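Structure file data.pdb (PDB, C-alpha atoms) follows.
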ATOM      1  CA  MET A   1      73.449  96.377 201.708
ATOM      2  CA  ALA A   2      74.649  92.979 200.536
ATOM      3  CA  GLY A   3      75.610  92.519 196.910
ATOM      4  CA  PRO A   4      73.838  90.197 194.489
ATOM      5  CA  ARG A   5      74.131  86.520 195.297
ATOM      6  CA  GLU A   6      74.645  83.773 192.769
ATOM      7  CA  ILE A   7      71.557  81.689 192.184
ATOM      8  CA  GLU A   8      72.336  78.128 193.217
ATOM      9  CA  ALA A   9      69.119  76.400 192.171
ATOM     10  CA  VAL A  10      65.785  76.982 190.509
ATOM     11  CA  LEU A  11      62.967  74.593 191.390
ATOM     12  CA  LEU A  12      60.036  74.109 189.066
ATOM     13  CA  ASP A  13      57.112  71.724 189.195
ATOM     14  CA  VAL A  14      56.891  69.501 186.126
ATOM     15  CA  GLY A  15      53.159  68.986 185.580
ATOM     16  CA  GLU A  16      51.459  71.965 183.938
ATOM     17  CA  VAL A  17      54.521  74.128 184.600
ATOM     18  CA  LEU A  18      57.046  72.470 182.294
ATOM     19  CA  ILE A  19      54.929  69.769 180.624
ATOM     20  CA  ARG A  20      51.246  69.785 179.684
ATOM     21  CA  LEU A  21      49.310  66.841 181.092
ATOM     22  CA  ASP A  22      46.080  65.064 180.135
ATOM     23  CA  PHE A  23      45.067  62.276 182.493
ATOM     24  CA  SER A  24      41.876  61.315 180.636
ATOM     25  CA  ARG A  25      43.372  58.326 178.763
ATOM     26  CA  LEU A  26      44.978  56.960 181.924
ATOM     27  CA  VAL A  27      41.809  57.447 183.968
ATOM     28  CA  GLU A  28      39.632  55.826 181.291
ATOM     29  CA  SER A  29      42.005  52.871 180.863
ATOM     30  CA  LEU A  30      42.254  52.218 184.583
ATOM     31  CA  LYS A  31      38.574  52.797 185.283
ATOM     32  CA  ILE A  32      39.535  55.093 188.154
ATOM     33  CA  GLY A  33      36.487  56.719 189.675
ATOM     34  CA  SER A  34      34.256  55.011 187.118
ATOM     35  CA  GLY A  35      31.280  57.196 186.286
ATOM     36  CA  ASP A  36      32.869  60.248 187.904
ATOM     37  CA  THR A  37      34.144  63.353 186.267
ATOM     38  CA  ILE A  38      37.828  63.490 185.359
ATOM     39  CA  ASP A  39      38.426  65.861 188.300
ATOM     40  CA  ARG A  40      36.937  63.404 190.799
ATOM     41  CA  ALA A  41      38.921  60.556 189.241
ATOM     42  CA  LEU A  42      42.146  62.544 189.603
ATOM     43  CA  ILE A  43      41.366  63.245 193.241
ATOM     44  CA  SER A  44      40.879  59.494 193.695
ATOM     45  CA  LEU A  45      44.257  58.822 192.045
ATOM     46  CA  ALA A  46      46.028  61.476 194.126
ATOM     47  CA  ARG A  47      44.683  59.917 197.340
ATOM     48  CA  TRP A  48      45.939  56.448 196.416
ATOM     49  CA  PRO A  49      48.892  55.707 198.757
ATOM     50  CA  LEU A  50      50.721  53.608 196.132
ATOM     51  CA  TYR A  51      50.608  56.481 193.608
ATOM     52  CA  ASP A  52      51.670  58.965 196.252
ATOM     53  CA  ARG A  53      54.718  56.861 197.188
ATOM     54  CA  PHE A  54      55.700  56.537 193.523
ATOM     55  CA  GLU A  55      55.124  60.227 192.790
ATOM     56  CA  ARG A  56      57.386  61.199 195.694
ATOM     57  CA  GLY A  57      60.161  58.749 194.761
ATOM     58  CA  GLY A  58      59.411  56.358 197.629
ATOM     59  CA  ILE A  59      59.347  53.249 195.431
ATOM     60  CA  SER A  60      60.991  52.230 192.177
ATOM     61  CA  GLU A  61      59.184  51.973 188.851
ATOM     62  CA  GLY A  62      59.397  48.171 188.987
ATOM     63  CA  ASP A  63      57.953  48.016 192.497
ATOM     64  CA  PHE A  64      55.219  50.457 191.512
ATOM     65  CA  TYR A  65      54.362  48.432 188.414
ATOM     66  CA  ARG A  66      54.168  45.137 190.330
ATOM     67  CA  ALA A  67      52.058  46.615 193.134
ATOM     68  CA  PHE A  68      49.877  48.430 190.599
ATOM     69  CA  VAL A  69      49.107  45.186 188.735
ATOM     70  CA  LEU A  70      48.345  43.368 192.010
ATOM     71  CA  GLN A  71      46.098  46.137 193.347
ATOM     72  CA  THR A  72      44.200  46.936 190.149
ATOM     73  CA  GLY A  73      44.124  43.588 188.382
ATOM     74  CA  VAL A  74      45.012  45.372 185.128
ATOM     75  CA  ASP A  75      46.639  42.879 182.760
ATOM     76  CA  VAL A  76      49.476  44.810 181.137
ATOM     77  CA  ASP A  77      53.178  44.136 180.693
ATOM     78  CA  ILE A  78      55.780  46.659 181.839
ATOM     79  CA  VAL A  79      56.174  48.171 178.349
ATOM     80  CA  GLY A  80      52.418  48.625 177.952
ATOM     81  CA  PHE A  81      52.248  50.046 181.444
ATOM     82  CA  ARG A  82      54.937  52.627 180.660
ATOM     83  CA  ASP A  83      53.126  53.594 177.452
ATOM     84  CA  LEU A  84      49.850  53.967 179.334
ATOM     85  CA  TRP A  85      51.387  55.836 182.273
ATOM     86  CA  ASN A  86      53.326  58.197 179.991
ATOM     87  CA  SER A  87      50.305  58.848 177.766
ATOM     88  CA  VAL A  88      49.438  61.759 180.064
ATOM     89  CA  LEU A  89      52.472  63.721 178.851
ATOM     90  CA  LEU A  90      51.444  66.009 175.993
ATOM     91  CA  GLY A  91      54.538  68.128 175.503
ATOM     92  CA  PRO A  92      56.010  71.383 176.745
ATOM     93  CA  VAL A  93      53.800  74.095 178.185
ATOM     94  CA  PRO A  94      53.649  76.818 175.520
ATOM     95  CA  GLY A  95      56.344  79.421 176.093
ATOM     96  CA  ILE A  96      58.302  77.433 178.665
ATOM     97  CA  GLU A  97      61.357  76.999 176.426
ATOM     98  CA  GLY A  98      61.989  80.742 176.320
ATOM     99  CA  LEU A  99      61.594  81.039 180.070
ATOM    100  CA  LEU A 100      64.013  78.160 180.669
ATOM    101  CA  GLU A 101      66.571  79.742 178.347
ATOM    102  CA  ARG A 102      66.352  82.986 180.312
ATOM    103  CA  VAL A 103      66.654  81.155 183.632
ATOM    104  CA  ALA A 104      69.674  79.197 182.397
TER     105      ALA A 104
END

Can you give me the file's structure in the form of structure tokens?
Amino acid sequence: MAGPREIEAVLLDVGEVLIRLDFSRLVESLKIGSGDTIDRALISLARWPLYDRFERGGISEGDFYRAFVLQTGVDVDIVGFRDLWNSVLLGPVPGIEGLLERVA
């Protein structure tokens, strides 16, 4: 039987694993899925190719911002955009700090 191996990496998702998220402010501000429930609006966002490319690291923040403004017509500068985009981040998932300390 082989002996214990050293762990080389631990992969964790960020959203709702490490950090609590609330997309309601973003969805309301962008009028995504207007009139829909938050769940339907999030599905709409997740199916947006521009968002998908950004989420997967396929385009830079600057390119995403410029394309976002062109596609949505939202009139916001880059600082306001960052504030709006990051408004979904609520803070650590309760209890995650202890788990991360144990993993480390």

Task: Residue members of the PyMOL selection byres ((chain A and resi 65-78) around 10) in the file shown, as a PyMOL selection string - done: chain A and resi 29-32+50-51+54+59-64+79-84

TODO: Kindly give the distance, in Å, that separates atom CA of Val88 of chain A and atom CA of Ser24 of chain A, rounded to a single decimal.
DONE: 7.6 Å

Apply the PyMOL selection byres ((chain A and resi 14) around 12) to the file shown and report the selected residues as a short mmCIF file (atom, residue, chain, number, x, y, z; two decimals) with C-alpha atoms, in the frame of the given file.
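Output file result.cif follows:
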data_model
loop_
_atom_site.label_atom_id
_atom_site.label_comp_id
_atom_site.auth_asym_id
_atom_site.auth_seq_id
_atom_site.Cartn_x
_atom_site.Cartn_y
_atom_site.Cartn_z
CA LEU A 11 62.97 74.59 191.39
CA LEU A 12 60.04 74.11 189.07
CA ASP A 13 57.11 71.72 189.20
CA GLY A 15 53.16 68.99 185.58
CA GLU A 16 51.46 71.96 183.94
CA VAL A 17 54.52 74.13 184.60
CA LEU A 18 57.05 72.47 182.29
CA ILE A 19 54.93 69.77 180.62
CA ARG A 20 51.25 69.78 179.68
CA LEU A 21 49.31 66.84 181.09
CA GLU A 55 55.12 60.23 192.79
CA LEU A 89 52.47 63.72 178.85
CA GLY A 91 54.54 68.13 175.50
CA PRO A 92 56.01 71.38 176.74
CA VAL A 93 53.80 74.10 178.18
CA ILE A 96 58.30 77.43 178.66
#

TODO: Quote the spacing between atom CA of Glu6 of chain A and atom CA of Arg102 of chain A in Å to one decimal place.
DONE: 15.0 Å

Open item on the list: To one decimal place in Å, what is the distance between atom CA of Asn86 of chain A and atom CA of Gly98 of chain A?
Closed with: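 Distance between the two atoms: 24.4 Å.
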
Please write a file for segment 2-30 of chain A, taken from the block I just shared, that holds N, CA, C and O atoms and is laid out as a compact mmCIF listing (two decimals), in the first residue's frame.
# COMPACT_ATOMS: atom_id res chain seq x y z
N ALA A 2 0.59 2.18 -0.82
CA ALA A 2 1.37 3.41 -0.92
C ALA A 2 1.17 4.26 0.33
O ALA A 2 0.10 4.25 0.94
N GLY A 3 2.21 5.00 0.68
CA GLY A 3 2.13 5.89 1.83
C GLY A 3 1.36 7.16 1.49
O GLY A 3 0.97 7.38 0.34
N PRO A 4 1.14 7.99 2.51
CA PRO A 4 0.38 9.23 2.26
C PRO A 4 1.15 10.13 1.31
O PRO A 4 2.37 10.21 1.33
N ARG A 5 0.40 10.79 0.44
CA ARG A 5 1.00 11.73 -0.50
C ARG A 5 0.76 13.14 -0.01
O ARG A 5 -0.22 13.43 0.65
N GLU A 6 1.69 14.01 -0.36
CA GLU A 6 1.55 15.42 -0.01
C GLU A 6 0.48 16.05 -0.90
O GLU A 6 0.45 15.82 -2.11
N ILE A 7 -0.38 16.82 -0.29
CA ILE A 7 -1.41 17.52 -1.05
C ILE A 7 -0.74 18.68 -1.78
O ILE A 7 -0.06 19.50 -1.17
N GLU A 8 -0.94 18.74 -3.08
CA GLU A 8 -0.31 19.78 -3.88
C GLU A 8 -1.22 20.98 -4.10
O GLU A 8 -0.75 22.09 -4.30
N ALA A 9 -2.52 20.76 -4.09
CA ALA A 9 -3.45 21.86 -4.35
C ALA A 9 -4.82 21.53 -3.79
O ALA A 9 -5.20 20.37 -3.72
N VAL A 10 -5.52 22.56 -3.40
CA VAL A 10 -6.91 22.44 -2.98
C VAL A 10 -7.68 23.47 -3.80
O VAL A 10 -7.33 24.65 -3.81
N LEU A 11 -8.69 23.03 -4.53
CA LEU A 11 -9.49 23.92 -5.35
C LEU A 11 -10.85 24.14 -4.72
O LEU A 11 -11.52 23.19 -4.34
N LEU A 12 -11.22 25.39 -4.60
CA LEU A 12 -12.51 25.74 -4.04
C LEU A 12 -13.18 26.77 -4.94
O LEU A 12 -12.53 27.68 -5.45
N ASP A 13 -14.47 26.64 -5.12
CA ASP A 13 -15.24 27.66 -5.81
C ASP A 13 -15.31 28.88 -4.90
O ASP A 13 -15.23 28.75 -3.67
N VAL A 14 -15.44 30.05 -5.46
CA VAL A 14 -15.49 31.27 -4.65
C VAL A 14 -16.92 31.56 -4.21
O VAL A 14 -17.21 31.67 -3.02
N GLY A 15 -17.83 31.68 -5.16
CA GLY A 15 -19.21 32.09 -4.86
C GLY A 15 -19.97 31.06 -4.06
O GLY A 15 -20.13 29.92 -4.47
N GLU A 16 -20.43 31.48 -2.89
CA GLU A 16 -21.22 30.68 -1.96
C GLU A 16 -20.45 29.49 -1.39
O GLU A 16 -21.04 28.63 -0.76
N VAL A 17 -19.16 29.43 -1.62
CA VAL A 17 -18.29 28.47 -0.94
C VAL A 17 -17.35 29.25 -0.03
O VAL A 17 -17.27 28.98 1.16
N LEU A 18 -16.67 30.25 -0.60
CA LEU A 18 -15.80 31.11 0.19
C LEU A 18 -16.48 32.43 0.54
O LEU A 18 -16.31 32.94 1.64
N ILE A 19 -17.22 32.99 -0.41
CA ILE A 19 -17.82 34.32 -0.24
C ILE A 19 -19.31 34.26 -0.52
O ILE A 19 -19.74 33.69 -1.52
N ARG A 20 -20.09 34.84 0.39
CA ARG A 20 -21.54 34.94 0.18
C ARG A 20 -21.82 35.97 -0.91
O ARG A 20 -21.16 36.99 -1.01
N LEU A 21 -22.81 35.68 -1.74
CA LEU A 21 -23.16 36.54 -2.85
C LEU A 21 -24.63 36.94 -2.79
O LEU A 21 -25.47 36.16 -2.36
N ASP A 22 -24.93 38.16 -3.25
CA ASP A 22 -26.31 38.62 -3.42
C ASP A 22 -26.35 39.44 -4.70
O ASP A 22 -25.86 40.57 -4.74
N PHE A 23 -26.93 38.87 -5.74
CA PHE A 23 -26.96 39.51 -7.04
C PHE A 23 -28.13 40.48 -7.22
O PHE A 23 -28.26 41.10 -8.27
N SER A 24 -28.97 40.65 -6.22
CA SER A 24 -30.18 41.45 -6.41
C SER A 24 -29.89 42.90 -6.79
O SER A 24 -30.55 43.45 -7.67
N ARG A 25 -28.90 43.54 -6.16
CA ARG A 25 -28.59 44.93 -6.49
C ARG A 25 -28.09 45.05 -7.93
O ARG A 25 -28.50 45.93 -8.68
N LEU A 26 -27.22 44.15 -8.33
CA LEU A 26 -26.70 44.15 -9.69
C LEU A 26 -27.82 43.93 -10.69
O LEU A 26 -27.95 44.67 -11.67
N VAL A 27 -28.66 42.95 -10.44
CA VAL A 27 -29.75 42.63 -11.36
C VAL A 27 -30.72 43.81 -11.46
O VAL A 27 -31.13 44.19 -12.55
N GLU A 28 -31.06 44.41 -10.33
CA GLU A 28 -31.97 45.56 -10.35
C GLU A 28 -31.36 46.74 -11.09
O GLU A 28 -32.02 47.40 -11.88
N SER A 29 -30.09 47.01 -10.86
CA SER A 29 -29.42 48.15 -11.50
C SER A 29 -29.30 47.98 -13.01
O SER A 29 -29.40 48.94 -13.76
N LEU A 30 -29.09 46.75 -13.44
CA LEU A 30 -28.89 46.49 -14.86
C LEU A 30 -30.17 46.17 -15.59
O LEU A 30 -30.18 46.03 -16.80
